[in-house]
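Structure file protein23.csv (CSV, C-alpha atoms) is printed below.
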chain,number,residue,atom,x,y,z
A,2,MET,CA,0.0,0.0,0.0
A,3,ALA,CA,2.6,2.6,1.1
A,4,PHE,CA,4.9,1.9,-1.8
A,5,ILE,CA,2.2,2.5,-4.3
A,6,GLN,CA,1.4,5.6,-2.4
A,7,ILE,CA,4.9,7.1,-2.6
A,8,ASP,CA,5.0,6.4,-6.3
A,9,LYS,CA,1.6,8.1,-6.8
A,10,LEU,CA,2.6,11.1,-4.7
A,11,LEU,CA,5.9,11.5,-6.6
A,12,GLU,CA,4.0,11.3,-9.9
A,13,THR,CA,1.8,14.1,-8.7
A,14,VAL,CA,4.8,16.2,-7.7
A,15,ILE,CA,6.3,15.8,-11.2
A,16,LYS,CA,3.1,16.3,-13.1
A,17,GLU,CA,2.2,19.5,-11.2
A,18,LYS,CA,5.8,20.7,-11.1
A,19,VAL,CA,5.6,21.4,-7.4
A,20,SER,CA,8.8,22.3,-5.6
A,21,ASP,CA,8.4,20.3,-2.3
A,22,LEU,CA,6.4,17.5,-0.8
A,23,HIS,CA,5.7,17.5,2.9
A,24,ILE,CA,4.8,14.2,4.7
A,25,SER,CA,3.7,14.7,8.3
A,26,CYS,CA,1.3,12.9,10.8
A,27,GLY,CA,-2.2,14.2,11.3
A,28,GLN,CA,-2.8,15.7,7.9
A,29,PRO,CA,-2.7,14.6,4.2
A,30,PRO,CA,0.5,15.1,2.2
A,31,VAL,CA,1.1,18.8,1.5
A,32,VAL,CA,2.8,20.3,-1.6
A,33,ARG,CA,4.4,23.7,-2.1
A,34,VAL,CA,3.2,25.3,-5.3
A,35,GLY,CA,4.4,28.8,-6.3
A,36,GLY,CA,5.4,29.4,-2.7
A,37,HIS,CA,2.0,28.3,-1.2
A,38,MET,CA,1.4,25.1,0.9
A,39,VAL,CA,-1.5,23.1,-0.5
A,40,ARG,CA,-3.0,19.9,1.1
A,41,LEU,CA,-3.6,17.0,-1.3
A,42,GLU,CA,-7.1,15.5,-1.2
A,43,THR,CA,-6.1,12.1,0.2
A,44,LYS,CA,-6.3,10.4,3.5
A,45,THR,CA,-4.9,11.9,6.7
A,46,LEU,CA,-1.5,10.3,7.4
A,47,GLU,CA,-1.2,8.1,10.6
A,48,PRO,CA,2.2,7.5,12.3
A,49,GLU,CA,2.5,4.0,10.6
A,50,ASP,CA,1.9,5.6,7.1
A,51,THR,CA,4.8,8.0,7.5
A,52,VAL,CA,7.0,5.2,8.8
A,53,SER,CA,6.3,3.0,5.8
A,54,LEU,CA,6.6,5.9,3.3
A,55,MET,CA,10.0,6.8,4.9
A,56,LYS,CA,11.2,3.1,4.8
A,57,SER,CA,10.2,2.8,1.1
A,58,ILE,CA,12.7,5.3,-0.1
A,59,THR,CA,15.3,5.8,2.7
A,60,PRO,CA,18.7,3.9,2.4
A,61,GLU,CA,19.7,1.7,5.3
A,62,ARG,CA,22.6,4.1,6.3
A,63,ASN,CA,20.1,7.0,6.6
A,64,GLN,CA,17.6,5.0,8.6
A,65,GLN,CA,20.4,4.3,11.0
A,66,GLU,CA,21.3,8.0,11.2
A,67,LEU,CA,17.6,8.9,11.8
A,68,GLN,CA,17.5,6.5,14.8
A,69,GLU,CA,20.8,7.8,16.2
A,70,VAL,CA,20.5,11.6,15.7
A,71,GLY,CA,16.8,12.1,14.8
A,72,SER,CA,17.3,13.3,11.2
A,73,SER,CA,19.0,12.4,8.0
A,74,ASP,CA,19.3,13.9,4.4
A,75,PHE,CA,19.9,12.0,1.2
A,76,GLY,CA,19.4,12.3,-2.6
A,77,PHE,CA,16.9,9.9,-4.2
A,78,ALA,CA,16.2,9.1,-7.9
A,79,PHE,CA,12.6,8.4,-9.0
A,80,GLY,CA,13.5,6.3,-12.0
A,81,SER,CA,14.6,8.6,-14.8
A,82,LYS,CA,11.8,11.1,-14.2
A,83,ALA,CA,13.2,13.2,-11.4
A,84,ARG,CA,15.6,13.4,-8.4
A,85,PHE,CA,14.7,14.5,-4.9
A,86,ARG,CA,16.6,15.9,-2.0
A,87,VAL,CA,15.0,14.2,1.0
A,88,SER,CA,15.2,15.2,4.7
A,89,VAL,CA,13.6,12.7,7.1
A,90,PHE,CA,13.3,13.7,10.8
A,91,LYS,CA,11.5,13.0,14.0
A,92,GLN,CA,9.0,15.4,15.5
A,93,LYS,CA,7.0,14.6,18.7
A,94,GLY,CA,8.5,11.1,18.4
A,95,LYS,CA,6.9,10.5,14.9
A,96,ILE,CA,8.5,10.5,11.5
A,97,SER,CA,8.2,13.5,9.0
A,98,MET,CA,9.7,14.0,5.6
A,99,VAL,CA,10.3,16.8,3.2
A,100,LEU,CA,11.1,16.0,-0.4
A,101,ARG,CA,12.5,18.8,-2.7
A,102,ARG,CA,12.2,18.1,-6.4
A,103,ILE,CA,15.4,18.6,-8.3
A,104,PRO,CA,14.6,19.3,-12.0
A,105,ASN,CA,16.3,17.0,-14.5
A,106,GLU,CA,17.0,19.6,-17.1
A,107,PHE,CA,19.6,22.4,-16.8
A,108,LEU,CA,18.4,25.9,-17.4
A,109,THR,CA,20.4,28.4,-19.5
A,110,PHE,CA,21.6,31.7,-18.0
A,111,GLN,CA,18.9,33.4,-20.1
A,112,GLN,CA,16.1,31.2,-18.8
A,113,LEU,CA,17.2,31.8,-15.2
A,114,GLY,CA,17.6,35.6,-15.9
A,115,LEU,CA,21.2,35.5,-14.8
A,116,PRO,CA,23.5,38.5,-15.7
A,117,PRO,CA,25.2,37.6,-19.0
A,118,ILE,CA,28.6,38.7,-17.7
A,119,ILE,CA,28.7,35.6,-15.6
A,120,GLU,CA,29.9,33.7,-18.7
A,121,ASP,CA,33.1,35.8,-18.7
A,122,LEU,CA,33.7,35.6,-15.0
A,123,ILE,CA,33.5,31.8,-14.7
A,124,GLN,CA,36.0,31.4,-17.5
A,125,ARG,CA,38.7,33.2,-15.5
A,126,PRO,CA,41.8,31.1,-14.8
A,127,ARG,CA,41.2,31.4,-11.0
A,128,GLY,CA,39.1,33.0,-8.3
A,129,LEU,CA,36.3,32.6,-5.9
A,130,PHE,CA,32.7,33.0,-7.1
A,131,LEU,CA,30.1,33.0,-4.4
A,132,VAL,CA,26.3,32.4,-4.8
A,133,THR,CA,24.4,33.4,-1.7
A,134,GLY,CA,20.8,33.7,-0.5
A,135,PRO,CA,18.4,32.1,1.9
A,136,THR,CA,17.5,28.4,1.7
A,137,GLY,CA,15.3,27.6,-1.2
A,138,SER,CA,16.3,30.6,-3.2
A,139,GLY,CA,17.6,28.6,-6.2
A,140,LYS,CA,21.3,28.7,-5.5
A,141,THR,CA,21.8,25.1,-6.4
A,142,THR,CA,20.0,25.6,-9.7
A,143,SER,CA,22.1,28.7,-10.6
A,144,LEU,CA,25.4,26.8,-9.8
A,145,ALA,CA,24.3,23.7,-11.7
A,146,SER,CA,23.7,25.9,-14.8
A,147,MET,CA,27.2,27.4,-14.4
A,148,ILE,CA,28.8,24.0,-14.0
A,149,ASN,CA,26.8,22.7,-16.9
A,150,TRP,CA,27.9,25.7,-19.1
A,151,LEU,CA,31.6,25.0,-18.3
A,152,ASN,CA,31.1,21.2,-18.8
A,153,THR,CA,29.6,21.9,-22.2
A,154,ASN,CA,32.1,24.6,-23.4
A,155,VAL,CA,35.5,24.0,-21.8
A,156,ASP,CA,37.9,21.1,-21.3
A,157,HIS,CA,38.3,21.3,-17.6
A,158,HIS,CA,38.5,18.9,-14.7
A,159,ILE,CA,35.5,19.8,-12.4
A,160,ILE,CA,35.1,18.5,-8.9
A,161,THR,CA,31.9,19.1,-7.0
A,162,LEU,CA,31.6,18.6,-3.2
A,163,GLU,CA,27.9,18.4,-2.2
A,164,ASP,CA,25.7,17.4,0.6
A,165,PRO,CA,23.8,15.6,-0.9
A,166,ILE,CA,24.4,15.6,-4.7
A,167,GLU,CA,21.5,17.2,-6.3
A,168,TYR,CA,21.9,17.7,-10.1
A,169,TYR,CA,23.7,14.8,-11.8
A,170,HIS,CA,26.3,15.9,-14.4
A,171,GLU,CA,27.7,13.7,-17.1
A,172,HIS,CA,31.1,14.1,-18.7
A,173,LYS,CA,30.7,16.4,-21.7
A,174,LYS,CA,33.7,18.5,-22.9
A,175,SER,CA,34.9,18.5,-19.2
A,176,THR,CA,35.6,15.6,-16.9
A,177,ILE,CA,33.4,15.9,-13.9
A,178,ASN,CA,33.6,14.1,-10.5
A,179,GLN,CA,30.9,14.6,-7.9
A,180,ARG,CA,31.6,13.7,-4.3
A,181,GLU,CA,28.9,13.4,-1.7
A,182,VAL,CA,29.7,14.4,1.9
A,183,GLY,CA,28.8,11.5,4.2
A,184,VAL,CA,29.1,9.0,1.4
A,185,ASP,CA,32.3,9.7,-0.5
A,186,THR,CA,34.0,11.9,2.0
A,187,PRO,CA,33.5,12.8,5.7
A,188,THR,CA,33.5,16.6,5.5
A,189,PHE,CA,33.7,19.5,3.1
A,190,ALA,CA,37.0,20.6,4.6
A,191,GLU,CA,38.6,17.2,4.2
A,192,ALA,CA,37.3,16.8,0.6
A,193,LEU,CA,38.5,20.3,-0.3
A,194,ARG,CA,42.0,19.6,1.1
A,195,ARG,CA,42.2,16.4,-1.0
A,196,ALA,CA,40.7,18.1,-4.1
A,197,LEU,CA,43.8,20.2,-4.6
A,198,ARG,CA,45.8,17.0,-5.3
A,199,GLN,CA,43.3,15.8,-7.9
A,200,ASP,CA,44.4,18.2,-10.7
A,201,PRO,CA,41.2,20.2,-10.7
A,202,ASP,CA,40.4,23.4,-12.7
A,203,VAL,CA,37.1,24.0,-11.1
A,204,ILE,CA,35.9,23.1,-7.6
A,205,LEU,CA,32.4,23.5,-6.3
A,206,VAL,CA,32.0,23.6,-2.6
A,207,GLY,CA,28.4,23.0,-1.7
A,208,GLU,CA,28.5,24.9,1.6
A,209,MET,CA,31.2,27.0,3.1
A,210,ARG,CA,30.0,26.5,6.7
A,211,ASP,CA,33.1,26.7,8.9
A,212,LEU,CA,36.4,28.5,9.2
A,213,GLU,CA,38.4,25.6,7.8
A,214,THR,CA,36.3,25.2,4.7
A,215,ILE,CA,36.3,29.0,4.0
A,216,GLU,CA,40.1,29.2,4.5
A,217,SER,CA,40.7,26.3,2.1
A,218,ALA,CA,38.4,27.7,-0.5
A,219,ILE,CA,40.2,31.1,-0.5
A,220,THR,CA,43.5,29.3,-0.7
A,221,ALA,CA,42.4,27.1,-3.6
A,222,ALA,CA,41.1,30.2,-5.4
A,223,GLU,CA,44.4,32.0,-4.9
A,224,THR,CA,46.5,29.0,-6.2
A,225,GLY,CA,45.0,28.8,-9.7
A,226,HIS,CA,41.5,27.2,-9.5
A,227,VAL,CA,38.0,28.6,-10.0
A,228,VAL,CA,36.1,27.9,-6.8
A,229,PHE,CA,32.4,28.1,-6.5
A,230,GLY,CA,30.9,28.4,-3.0
A,231,THR,CA,27.6,29.0,-1.4
A,232,LEU,CA,26.6,30.9,1.8
A,233,HIS,CA,23.3,31.6,3.4
A,234,THR,CA,23.9,35.3,3.5
A,235,THR,CA,21.8,38.1,1.8
A,236,GLY,CA,23.5,40.7,-0.3
A,237,ALA,CA,27.1,41.1,-1.5
A,238,GLN,CA,28.1,43.4,1.3
A,239,GLY,CA,26.8,41.1,4.0
A,240,THR,CA,28.6,38.2,2.4
A,241,VAL,CA,32.0,39.8,2.6
A,242,ASP,CA,31.4,40.8,6.2
A,243,ARG,CA,30.2,37.3,7.1
A,244,ILE,CA,33.3,35.6,5.6
A,245,ILE,CA,35.7,37.9,7.5
A,246,ASP,CA,33.8,37.6,10.8
A,247,VAL,CA,34.2,33.9,10.8
A,248,PHE,CA,37.9,34.4,11.5
A,249,PRO,CA,39.5,35.5,14.8
A,250,THR,CA,40.2,39.2,15.0
A,251,ASN,CA,44.0,38.8,14.7
A,252,GLN,CA,43.6,37.0,11.4
A,253,GLN,CA,41.0,39.3,9.9
A,254,GLU,CA,43.4,41.8,8.2
A,255,GLN,CA,45.2,39.0,6.5
A,256,ILE,CA,41.9,37.4,5.3
A,257,ARG,CA,40.7,40.7,4.0
A,258,THR,CA,43.9,40.9,1.9
A,259,GLN,CA,43.5,37.3,0.7
A,260,LEU,CA,39.8,37.6,0.0
A,261,SER,CA,40.3,40.9,-2.0
A,262,THR,CA,42.7,39.1,-4.4
A,263,ALA,CA,40.8,35.8,-4.6
A,264,ILE,CA,37.2,36.9,-5.0
A,265,ILE,CA,35.8,37.5,-8.5
A,266,GLY,CA,32.1,37.9,-8.0
A,267,ILE,CA,29.1,37.5,-5.7
A,268,LEU,CA,25.7,36.6,-6.9
A,269,SER,CA,22.9,37.0,-4.3
A,270,GLN,CA,19.5,35.7,-5.1
A,271,GLN,CA,15.9,35.4,-3.8
A,272,LEU,CA,12.8,33.7,-5.3
A,273,LEU,CA,9.5,35.5,-5.4
A,274,PRO,CA,6.0,34.5,-6.5
A,275,ARG,CA,5.5,35.5,-10.1
A,276,LYS,CA,2.2,36.7,-11.5
A,277,PRO,CA,-0.1,34.9,-12.3
A,278,LYS,CA,1.8,31.7,-11.2
A,279,GLY,CA,5.2,30.3,-10.8
A,280,MET,CA,8.4,31.8,-9.3
A,281,VAL,CA,10.9,34.4,-10.5
A,282,ALA,CA,14.4,35.1,-9.2
A,283,ALA,CA,15.7,38.5,-8.2
A,284,TYR,CA,19.5,38.9,-8.3
A,285,GLU,CA,22.1,41.2,-6.7
A,286,PHE,CA,25.4,41.0,-8.5
A,287,LEU,CA,28.8,42.2,-7.5
A,288,VAL,CA,31.8,42.0,-9.9
A,289,VAL,CA,35.0,42.5,-8.0
A,290,THR,CA,36.8,45.3,-9.8
A,291,SER,CA,40.1,46.7,-8.5
A,292,ALA,CA,38.2,49.5,-6.7
A,293,ILE,CA,36.0,47.0,-4.9
A,294,ALA,CA,39.0,44.8,-4.1
A,295,ASN,CA,40.5,47.9,-2.4
A,296,LEU,CA,37.3,48.4,-0.3
A,297,ILE,CA,37.5,44.8,0.8
A,298,ARG,CA,41.2,45.0,1.7
A,299,GLU,CA,40.8,48.3,3.6
A,300,GLY,CA,37.8,47.0,5.6
A,301,LYS,CA,35.4,49.5,4.0
A,302,SER,CA,32.8,46.9,3.0
A,303,PHE,CA,30.0,49.3,4.0
A,304,ARG,CA,30.8,51.2,0.8
A,305,ILE,CA,30.2,48.1,-1.4
A,306,ASN,CA,26.5,48.9,-2.0
A,307,SER,CA,27.2,52.3,-3.5
A,308,ALA,CA,30.0,50.8,-5.5
A,309,ILE,CA,27.6,48.3,-7.0
A,310,GLN,CA,25.3,51.2,-7.9
A,311,THR,CA,28.0,53.0,-9.8
A,312,GLY,CA,29.2,49.8,-11.3
A,313,ARG,CA,26.2,49.2,-13.6
A,314,LYS,CA,28.3,49.3,-16.7
A,315,HIS,CA,30.1,46.2,-15.4
A,316,GLY,CA,26.7,44.4,-15.1
A,317,MET,CA,26.3,45.0,-11.4
A,318,GLN,CA,23.0,45.6,-9.7
A,319,LEU,CA,21.6,45.9,-6.2
A,320,MET,CA,18.9,43.5,-4.9
A,321,ASP,CA,16.5,46.4,-4.3
A,322,ASP,CA,16.9,47.7,-7.8
A,323,ALA,CA,16.2,44.2,-9.2
A,324,LEU,CA,13.1,44.0,-7.0
A,325,PHE,CA,12.0,47.4,-8.2
A,326,ASN,CA,12.3,46.2,-11.8
A,327,LEU,CA,10.2,43.1,-11.1
A,328,TRP,CA,7.5,45.4,-9.8
A,329,LYS,CA,7.8,47.9,-12.6
A,330,THR,CA,7.6,45.2,-15.3
A,331,GLN,CA,4.5,43.8,-13.4
A,332,LEU,CA,6.1,40.4,-12.8
A,333,CYS,CA,5.6,40.6,-9.1
A,334,ASP,CA,3.3,42.2,-6.6
A,335,GLU,CA,4.3,45.3,-4.6
A,336,ALA,CA,3.9,43.6,-1.3
A,337,ASP,CA,6.1,40.7,-2.4
A,338,VAL,CA,9.0,42.8,-3.6
A,339,ILE,CA,8.9,45.0,-0.5
A,340,ASN,CA,8.9,41.9,1.7
A,341,LYS,CA,12.2,40.7,0.1
A,342,ALA,CA,13.9,44.1,0.1
A,343,ASN,CA,17.1,44.8,2.0
A,344,ASN,CA,15.8,48.3,2.6
A,345,PRO,CA,12.0,48.1,2.6
A,346,GLY,CA,11.4,51.7,3.5
A,347,GLU,CA,13.4,53.1,0.6
A,348,LEU,CA,11.9,50.7,-1.9
A,349,ARG,CA,8.4,51.5,-0.8
A,350,GLU,CA,9.2,55.2,-1.2
A,351,LYS,CA,10.6,54.6,-4.7
A,352,ILE,CA,7.5,52.7,-5.8
A,353,VAL,CA,5.3,55.5,-4.5
A,354,LYS,CA,7.4,58.0,-6.5
A,355,ALA,CA,7.2,55.9,-9.6
A,356,LYS,CA,3.4,55.6,-9.3
A,357,LYS,CA,3.2,59.4,-9.2
A,358,GLY,CA,5.6,59.6,-12.2
A,359,LEU,CA,8.3,61.4,-10.2
A,360,LEU,CA,11.3,59.2,-11.1
A,361,GLU,CA,13.1,60.8,-14.0
A,362,ASP,CA,15.4,57.9,-14.6
A,363,ASP,CA,16.8,55.0,-12.7
A,364,ASP,CA,20.2,56.5,-12.6
A,365,ASN,CA,19.5,59.8,-10.9
A,366,ASP,CA,17.6,58.8,-7.8
A,367,GLY,CA,21.1,58.8,-6.2
A,368,ASP,CA,20.7,56.5,-3.2
A,369,ASP,CA,23.4,57.3,-0.7
A,370,ASP,CA,25.4,55.0,1.4
A,371,GLU,CA,23.6,53.4,4.3
Give the structure from the file, written as structure tokens.
Amino acid sequence: MAFIQIDKLLETVIKEKVSDLHISCGQPPVVRVGGHMVRLETKTLEPEDTVSLMKSITPERNQQELQEVGSSDFGFAFGSKARFRVSVFKQKGKISMVLRRIPNEFLTFQQLGLPPIIEDLIQRPRGLFLVTGPTGSGKTTSLASMINWLNTNVDHHIITLEDPIEYYHEHKKSTINQREVGVDTPTFAEALRRALRQDPDVILVGEMRDLETIESAITAAETGHVVFGTLHTTGAQGTVDRIIDVFPTNQQEQIRTQLSTAIIGILSQQLLPRKPKGMVAAYEFLVVTSAIANLIREGKSFRINSAIQTGRKHGMQLMDDALFNLWKTQLCDEADVINKANNPGELREKIVKAKKGLLEDDDNDGDDDE
């Protein structure tokens, strides 16, 4: 019974293109569609239902981990139709699950609405490229599309370190090795240290979550590799500060110097409900010019936002300007863009002005530094 059920549920998820499936006791399965949680019209799940659903897809190793520490994450392939990132966990002593659908197809930069200059940046011989944003903002998808672009166009050795592996890449023009933390290697830091001996051109670090990983990523970027990394920060300015703050005070000056030479770009993103349905991404984009490298080195990261604003000719943009444009082009509701803004008050004011026709042109509303 339960096995049929998980198949049926996953078929629904794929057919309706939902992003997540939630399995929890005391209610029917719930799907997230266009940002909203919708209950499916099936039976309310009992504790034994969620246990058998969990057992039908969870590898032995992860069932063990669930018993020992109360939760476990893994990747799961539903035939050739789709892959899922699964988190199983206990709550009130019962089993719950969340399955995130990972699309099979890679999207192009155009389809994702990514700044075209990314193509140039990722072909640099070395440097650190960061993709940041809250959980579920599409970081994995953006990175997968960049790795896929390189894999298709350049003869590189690409190593990805992921937890768990989400998009599966095949060797195209590049050779690509994907290592899963917890299966192929114990930690990101360990895998990153080893990667440098594996003749890589490009290394993707799924999460830069501790000092050791961040330090190794910066070193790898300095020594002639392109390193992609993700952080859960919002905005380019916040990302630079966050990286430096991870280090003890007496190392921060040295890290600023290293980071200023290593970093090539920061892409921050958020997903918003799109009218009438679906989702759309808003991007903040920082290209590290020599002027911005100086700001990082001198500890003047508070001036990064105004530097992004004056750096439009390099393809840079601030999150709030991207959000304003989504409102202006009527892709998103006013409430949704204000909700995601770094500076909601200013954005609201700008929208009010725009409605009254008081904005001459995007360039001369001259937002000052914070």
Exercise. May I have the residues within 8 Å of Asp202 of chain A as number ranges by chain, using all atoms listed in the file and disregarding those fewer than 6 positions away in the same chain?
Key: A: 157-159, 225-227
Exercise. Report the distance between atom CA of Lys276 of chain A and atom CA of Leu332 of chain A in Å, rounded to one decimal place.
Key: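 The value is 5.5 Å.
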How close does each residue of segment 78-138 of chain A get to segment 334-348 of chain A, giving the shortest atom pair and distance in Å to one decimal for every residue with an atom at most 12 Å away, counting only C-alpha atoms, sorted by chain and residue number, as CSV?
residue,atom,partner,partner_atom,distance
A:Gly134,CA,A:Lys341,CA,11.1
A:Pro135,CA,A:Lys341,CA,10.8
A:Ser138,CA,A:Lys341,CA,11.4
With C-alpha atoms retained, could you export that selection as a compact mmCIF listing (two decimals), in the frame of the given file?
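Result written to result15.txt:
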# COMPACT_ATOMS: atom_id res chain seq x y z
CA GLY A 134 20.80 33.70 -0.50
CA PRO A 135 18.40 32.10 1.90
CA SER A 138 16.30 30.60 -3.20
Quiz item: Can you list, as a list of chain:residue names, every protein, DNA or RNA residue that comes within 12 Å of Asn154 of chain A when you count only C-alpha atoms, leaving out same-chain residues fewer than 6 positions away?
Solution: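 That gives A:Glu120, A:Ile123, A:Gln124, A:Met147, A:Ile148, A:His172, A:Lys173, A:Lys174, A:Ser175, A:Thr176.
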Quiz prompt | Minimum-distance residue to Ile244 of chain A, chosen among A:Thr133, A:Thr188, A:Gln28, A:Thr141 (using all atoms listed in the file) | solution =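 Among A:Thr133, A:Thr188, A:Gln28, A:Thr141, it is A:Thr133 that comes nearest to Ile244 of chain A.
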Exercise. Find, counting all atoms listed in the file, the residue in A:Phe107, A:Phe325, A:Tyr169, A:Phe79 that gets nearest to Leu10 of chain A.
Key: A:Phe79
With a distance cut-off of 12 Å and only C-alpha atoms, select the neighbouring residues of Gln65 of chain A, excluding the residue or stretch itself and same-chain residues fewer than 5 positions from it, and output the selection as a CSV table (one decimal) with C-alpha atoms, keeping the file's coordinate frame.
chain,number,residue,atom,x,y,z
A,56,LYS,CA,11.2,3.1,4.8
A,59,THR,CA,15.3,5.8,2.7
A,60,PRO,CA,18.7,3.9,2.4
A,70,VAL,CA,20.5,11.6,15.7
A,71,GLY,CA,16.8,12.1,14.8
A,72,SER,CA,17.3,13.3,11.2
A,73,SER,CA,19.0,12.4,8.0
A,74,ASP,CA,19.3,13.9,4.4
A,89,VAL,CA,13.6,12.7,7.1
A,90,PHE,CA,13.3,13.7,10.8
Practice problem: Could you give me, as an NGL selection string, the residues within 7 Å of Leu273 of chain A, counting all atoms listed in the file and dropping anything in the same chain fewer than 6 positions from it? | Solution: :A and (280-282 or 337)
Practice problem: Considering all atoms listed in the file, return as a ChimeraX atom specification whatever protein or nucleic-acid residues lie within 12 Å of Ser261 of chain A, sequence-local ones (same chain, fewer than 3 positions apart) excluded. | Solution: /A:128-129,219,222-223,241,244-245,254-258,264-266,288-302
Saved selection, atoms kept: C-alpha atoms, as an mmCIF file, in the frame of the given file:
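result.cif, freshly written:
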data_model
loop_
_atom_site.group_PDB
_atom_site.id
_atom_site.type_symbol
_atom_site.label_atom_id
_atom_site.label_comp_id
_atom_site.auth_asym_id
_atom_site.auth_seq_id
_atom_site.Cartn_x
_atom_site.Cartn_y
_atom_site.Cartn_z
ATOM 1 C CA GLY A 128 39.100 33.000 -8.300
ATOM 2 C CA LEU A 129 36.300 32.600 -5.900
ATOM 3 C CA ILE A 219 40.200 31.100 -0.500
ATOM 4 C CA ALA A 222 41.100 30.200 -5.400
ATOM 5 C CA GLU A 223 44.400 32.000 -4.900
ATOM 6 C CA VAL A 241 32.000 39.800 2.600
ATOM 7 C CA ILE A 244 33.300 35.600 5.600
ATOM 8 C CA ILE A 245 35.700 37.900 7.500
ATOM 9 C CA GLU A 254 43.400 41.800 8.200
ATOM 10 C CA GLN A 255 45.200 39.000 6.500
ATOM 11 C CA ILE A 256 41.900 37.400 5.300
ATOM 12 C CA ARG A 257 40.700 40.700 4.000
ATOM 13 C CA THR A 258 43.900 40.900 1.900
ATOM 14 C CA ILE A 264 37.200 36.900 -5.000
ATOM 15 C CA ILE A 265 35.800 37.500 -8.500
ATOM 16 C CA GLY A 266 32.100 37.900 -8.000
ATOM 17 C CA VAL A 288 31.800 42.000 -9.900
ATOM 18 C CA VAL A 289 35.000 42.500 -8.000
ATOM 19 C CA THR A 290 36.800 45.300 -9.800
ATOM 20 C CA SER A 291 40.100 46.700 -8.500
ATOM 21 C CA ALA A 292 38.200 49.500 -6.700
ATOM 22 C CA ILE A 293 36.000 47.000 -4.900
ATOM 23 C CA ALA A 294 39.000 44.800 -4.100
ATOM 24 C CA ASN A 295 40.500 47.900 -2.400
ATOM 25 C CA LEU A 296 37.300 48.400 -0.300
ATOM 26 C CA ILE A 297 37.500 44.800 0.800
ATOM 27 C CA ARG A 298 41.200 45.000 1.700
ATOM 28 C CA GLU A 299 40.800 48.300 3.600
ATOM 29 C CA GLY A 300 37.800 47.000 5.600
ATOM 30 C CA LYS A 301 35.400 49.500 4.000
ATOM 31 C CA SER A 302 32.800 46.900 3.000
#
Practice problem: Record the distance separating atom CA of Ser57 of chain A and atom CA of Phe189 of chain A, expressed in Å with one decimal. | Solution: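 We find that atom CA of Ser57 of chain A and atom CA of Phe189 of chain A lie 28.9 Å from each other.
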Practice problem: Using all atoms listed in the file, find the one residue out of A:Gly76, A:Gly27, A:Gly139, A:Pro117 that sits nearest to Met317 of chain A. | Solution: A:Pro117
Quiz item: With distances taken over all atoms listed in the file, which of A:Val353, A:Ile119, A:Ala218, A:Leu11 is nearest to Ile24 of chain A?
Solution: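 Ranking A:Val353, A:Ile119, A:Ala218, A:Leu11 by distance to Ile24 of chain A, first place goes to A:Leu11.
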Quiz item: Of the residues A:Arg198, A:Arg86, A:His37, A:His233, which is the one nearest to Thr136 of chain A, using only C-alpha atoms?
Solution: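 Among the listed residues, A:His233 lies closest to Thr136 of chain A.
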Quiz prompt | Atomic separation - atom CA of Leu100 of chain A relative to atom CA of Glu285 of chain A, Å | solution =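 Atom CA of Glu285 of chain A sits 28.2 Å away from atom CA of Leu100 of chain A.
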Exercise. Between A:Arg349, A:Lys278, A:Lys329, A:Arg195, single out the one closest to Arg180 of chain A, counting only C-alpha atoms.
Key: A:Arg195
Exercise. Counting only C-alpha atoms, note down every residue that has an atom within 9 Å of the point (29.4, 24.4, 3.8) (file coordinates), as number ranges by chain.
Key: A: 163-164, 188-190, 206-211, 214-215, 230-232
Enclosing box along x, y and z for every listed atom of segment 174-193 of chain A, padded 3 Å each side, centre and size in Å, one decimal, as lines of an AutoDock Vina configuration file:
center_x = 33.7
center_y = 14.8
center_z = -8.6
size_x = 15.8
size_y = 17.6
size_z = 34.6
